[in-house]
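Right, one structure below, let's go through it.
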Amino acid sequence: ASTHKSIEIAAINCNQLQSIPTSTTSTIADRFNLTMNVTDAASLASTRPAGSAGPAGKAGPRKYLIGGNWKCNGTLTEGIERMKVFNEAGPIPENVEVVLCVPHPHLFLGLSMLRSDIAVGAQDCGVNASNGAYTGEVGSHQLKDLGCAWVIIGHSERRQGFGMAGEPEKLCADKCKVALDNGLKVMFAIGEKKEERESGVTMDVCAKQLEPLAKLLKPEEWANVAIAYEPVWAIGTGLTATPEMAQETHANIRKWVSANVSESVANAVRIQYGGSMKGANAEGLLSQPDIDGGLIGGASLKADFFNVINGIPK
């Protein structure tokens, strides 16, 4: 027997949903005129509006990767409104790949209504490779099945912990390996604290965070990994490394990858900058030769996200 189910989705908030008479689902469809049959990720993706490609910017050695990280922000209504803004924000340069990582409750929303030229990703996933007794966890296999393309792993907020134990280097590396094995791409975040930069141990910290991953991955697996360098002291503080400071660290990370993985991987891997990048400073940061994009926090909640996307060298 067919397991086909008609899932009728309306862009409505919880108050609107509660106001609908409990009659039939066709009443909802008639009222909101948004019905779609969903049986798998492909049919879900087919409901997304088309994107718009603009002229490529100045050619660089690697395609730019701009990732948005909404963190734990937004109601359903706010998520819908933000996605509408992005859907109407104009073309994305051809040499820029864009990913929006939303809270888990908003993944279905992004995968059904966000323009198709912005990939949808998650902000974390479990270390479990498949189904099992992992209460409260979300597996990378489930994210892939839903239609997600990317996941962030190792963000400093998770490495440090917030009311819970932080995630150690080996766990972050293990999560990354499992996610790759399950078909996701990974933005693997690393970075130092303020006192560590002031002590001159920035690369020691970054190397310690990268070492377990370098031991786990085969060279070819790095094609699906981007390194997101996020100086912890610049995340959400309004402080930003100067373009020259960021470039120095990015260049050192690339040298480390060359020495500890391979030169070819080092030349190909994209290294994003993630310390309070926004429209006002994106152009200066993205002009640096070893900065291949950004992992954007606060600015990705606003129309300014597209100022970052369009901040690539022209």
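Ordering of the structure tokens sets the chain letters (A, B, ...), residue numbers begin anew at 1 in every chain, and ligands are numbered from 1 in the order given.
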
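Omitting Gln123 in chain A and its sequence neighbours fewer than 6 positions away, and counting only C-alpha atoms, the residues within 6 Å are Cys101, Val151 and Ile152 of chain A.
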
Taking C-alpha atoms for each residue, export the selection above as a PDB file, in the first residue's frame.
```pdb
ATOM      1  CA  CYS A 101      21.841  27.415   8.984  1.00  0.00           C
ATOM      2  CA  VAL A 151      25.902  21.470   9.062  1.00  0.00           C
ATOM      3  CA  ILE A 152      28.037  23.607  11.382  1.00  0.00           C
TER       4      ILE A 152
END
```

Strand (DSSP E or B) positions in range 57-303 of chain A, given as a PyMOL selection string:
chain A and resi 64-69+92-93+96-101+118-122+150-153+185-190+225-229+270-273+293-296

May I have the selected residues written with N, CA and C atoms, as a short mmCIF file (atom, residue, chain, number, x, y, z; two decimals), in the first residue's frame?
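This went into result13.cif:
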```cif
data_model
loop_
_atom_site.label_atom_id
_atom_site.label_comp_id
_atom_site.auth_asym_id
_atom_site.auth_seq_id
_atom_site.Cartn_x
_atom_site.Cartn_y
_atom_site.Cartn_z
N TYR A 64 33.58 31.52 -3.32
CA TYR A 64 33.26 32.07 -2.01
C TYR A 64 32.13 31.28 -1.36
N LEU A 65 32.21 31.14 -0.04
CA LEU A 65 31.18 30.46 0.74
C LEU A 65 30.72 31.39 1.86
N ILE A 66 29.47 31.83 1.76
CA ILE A 66 28.88 32.69 2.78
C ILE A 66 27.82 31.88 3.51
N GLY A 67 28.06 31.63 4.78
CA GLY A 67 27.12 30.88 5.60
C GLY A 67 26.45 31.79 6.62
N GLY A 68 25.17 31.63 6.78
CA GLY A 68 24.43 32.36 7.81
C GLY A 68 24.12 31.43 8.97
N ASN A 69 24.26 31.93 10.18
CA ASN A 69 23.98 31.14 11.39
C ASN A 69 22.99 31.92 12.25
N ILE A 92 22.28 36.60 -6.56
CA ILE A 92 23.49 36.17 -5.86
C ILE A 92 24.58 35.99 -6.90
N PRO A 93 25.75 36.61 -6.71
CA PRO A 93 26.83 36.44 -7.70
C PRO A 93 27.14 34.97 -7.97
N VAL A 96 29.53 32.80 -5.77
CA VAL A 96 29.28 32.76 -4.33
C VAL A 96 28.29 31.63 -4.03
N GLU A 97 28.67 30.76 -3.10
CA GLU A 97 27.77 29.73 -2.58
C GLU A 97 27.23 30.24 -1.24
N VAL A 98 25.92 30.14 -1.08
CA VAL A 98 25.28 30.67 0.12
C VAL A 98 24.54 29.55 0.85
N VAL A 99 24.72 29.51 2.16
CA VAL A 99 24.08 28.52 3.03
C VAL A 99 23.44 29.25 4.20
N LEU A 100 22.25 28.85 4.58
CA LEU A 100 21.60 29.43 5.76
C LEU A 100 21.34 28.31 6.76
N CYS A 101 21.99 28.42 7.93
CA CYS A 101 21.84 27.41 8.98
C CYS A 101 20.86 27.95 10.02
N ILE A 118 19.85 29.25 -2.17
CA ILE A 118 20.43 29.31 -0.83
C ILE A 118 20.23 27.93 -0.20
N ALA A 119 21.33 27.22 0.03
CA ALA A 119 21.24 25.90 0.67
C ALA A 119 20.82 26.06 2.12
N VAL A 120 20.19 25.04 2.63
CA VAL A 120 19.74 25.05 4.02
C VAL A 120 20.60 24.08 4.83
N GLY A 121 21.05 24.53 5.99
CA GLY A 121 21.89 23.70 6.84
C GLY A 121 21.45 23.77 8.28
N ALA A 122 22.01 22.87 9.08
CA ALA A 122 21.76 22.83 10.52
C ALA A 122 22.96 23.38 11.27
N TRP A 150 24.24 21.16 4.49
CA TRP A 150 25.38 21.53 5.32
C TRP A 150 25.03 21.41 6.80
N VAL A 151 26.06 21.36 7.62
CA VAL A 151 25.90 21.47 9.06
C VAL A 151 27.14 22.17 9.62
N ILE A 152 26.93 22.99 10.64
CA ILE A 152 28.04 23.61 11.38
C ILE A 152 28.44 22.66 12.50
N ILE A 153 29.72 22.43 12.65
CA ILE A 153 30.21 21.61 13.76
C ILE A 153 31.40 22.33 14.41
N LYS A 185 27.82 18.25 3.99
CA LYS A 185 29.02 19.06 3.98
C LYS A 185 29.11 19.76 5.33
N VAL A 186 30.33 20.09 5.74
CA VAL A 186 30.53 20.60 7.10
C VAL A 186 31.31 21.91 7.08
N MET A 187 30.79 22.89 7.82
CA MET A 187 31.55 24.08 8.18
C MET A 187 32.12 23.81 9.56
N PHE A 188 33.41 23.55 9.62
CA PHE A 188 34.08 23.13 10.85
C PHE A 188 34.72 24.35 11.49
N ALA A 189 34.17 24.76 12.64
CA ALA A 189 34.57 26.02 13.25
C ALA A 189 35.72 25.84 14.24
N ILE A 190 36.66 26.76 14.18
CA ILE A 190 37.79 26.79 15.11
C ILE A 190 38.05 28.24 15.50
N VAL A 225 34.51 19.85 3.27
CA VAL A 225 34.73 20.57 4.53
C VAL A 225 35.19 21.99 4.24
N ALA A 226 34.60 22.94 4.93
CA ALA A 226 35.11 24.31 4.97
C ALA A 226 35.54 24.58 6.40
N ILE A 227 36.62 25.28 6.57
CA ILE A 227 37.10 25.66 7.90
C ILE A 227 36.60 27.07 8.20
N ALA A 228 35.86 27.19 9.28
CA ALA A 228 35.35 28.50 9.68
C ALA A 228 36.19 29.02 10.83
N TYR A 229 37.08 29.98 10.53
CA TYR A 229 37.89 30.57 11.59
C TYR A 229 37.09 31.67 12.27
N ARG A 270 38.27 25.83 1.58
CA ARG A 270 37.80 27.20 1.81
C ARG A 270 37.86 27.51 3.30
N ILE A 271 38.39 28.67 3.62
CA ILE A 271 38.50 29.12 5.00
C ILE A 271 37.66 30.38 5.15
N GLN A 272 36.60 30.26 5.93
CA GLN A 272 35.69 31.39 6.16
C GLN A 272 36.14 32.18 7.38
N TYR A 273 35.79 33.46 7.38
CA TYR A 273 36.01 34.27 8.58
C TYR A 273 34.67 34.46 9.28
N GLY A 293 35.29 33.53 2.37
CA GLY A 293 33.88 33.69 2.69
C GLY A 293 33.71 34.03 4.15
N GLY A 294 32.51 33.82 4.65
CA GLY A 294 32.23 34.15 6.04
C GLY A 294 31.19 33.23 6.63
N LEU A 295 31.23 33.10 7.95
CA LEU A 295 30.15 32.47 8.70
C LEU A 295 29.54 33.58 9.54
N ILE A 296 28.33 33.97 9.16
CA ILE A 296 27.73 35.22 9.62
C ILE A 296 26.68 34.95 10.68
#
```

Would you mind telling me which residue in A:Leu285, A:Ala214, A:Lys193, A:Val265 lies nearest to Glu248 in chain A when using only C-alpha atoms?
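Among A:Leu285, A:Ala214, A:Lys193, A:Val265, it is A:Leu285 that comes nearest to Glu248 in chain A.
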
Pick from A:His104, A:Lys71, A:Arg159, A:Lys314, whichever lies nearest to Leu146 in chain A using only C-alpha atoms:
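Checking each candidate against Leu146 in chain A, we get A:His104 as the closest.
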
Compare A:Gly275, A:Pro103, A:Pro61, A:Gly191 by their minimum atom-to-atom distance to Gly298 in chain A, counting only C-alpha atoms, and give me the closest one.
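When distances to Gly298 in chain A are compared using only C-alpha atoms, the smallest one comes from A:Gly275.
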
Give me the residues within 12 Å of Glu221 in chain A as a VMD selection string, counting only C-alpha atoms and dropping any in the same chain fewer than 4 places off.
chain A and resid 176 to 186 213 to 217 225 to 226 261 265 268 to 269

Separation of CA of Pro219 in chain A and CA of Ser262 in chain A, in Å?
7.3 Å

Nearest residue to Arg158 in chain A out of A:Ala223, A:Gly132, A:Gln247, A:Val232, using only C-alpha atoms?
A:Val232

Shortest interatomic distance to Pro49 in chain A - which of A:Ser264, A:Asn252, A:Asn87, A:Thr240, counting only C-alpha atoms:
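When distances to Pro49 in chain A are compared using only C-alpha atoms, the smallest one comes from A:Asn87.
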
Shortest interatomic distance to Gly147 in chain A - which of A:Leu114, A:Ala41, A:Ala251, A:Leu107, counting only C-alpha atoms:
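Smallest distance to Gly147 in chain A is found for A:Ala41.
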
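Note that the spacing between CA of Ser46 in chain A and CA of Leu111 in chain A amounts to 9.3 Å.
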
Between CA of Gly110 in chain A and CA of Cys172 in chain A - distance in Å to one decimal
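We find that CA of Cys172 in chain A and CA of Gly110 in chain A lie 25.3 Å from each other.
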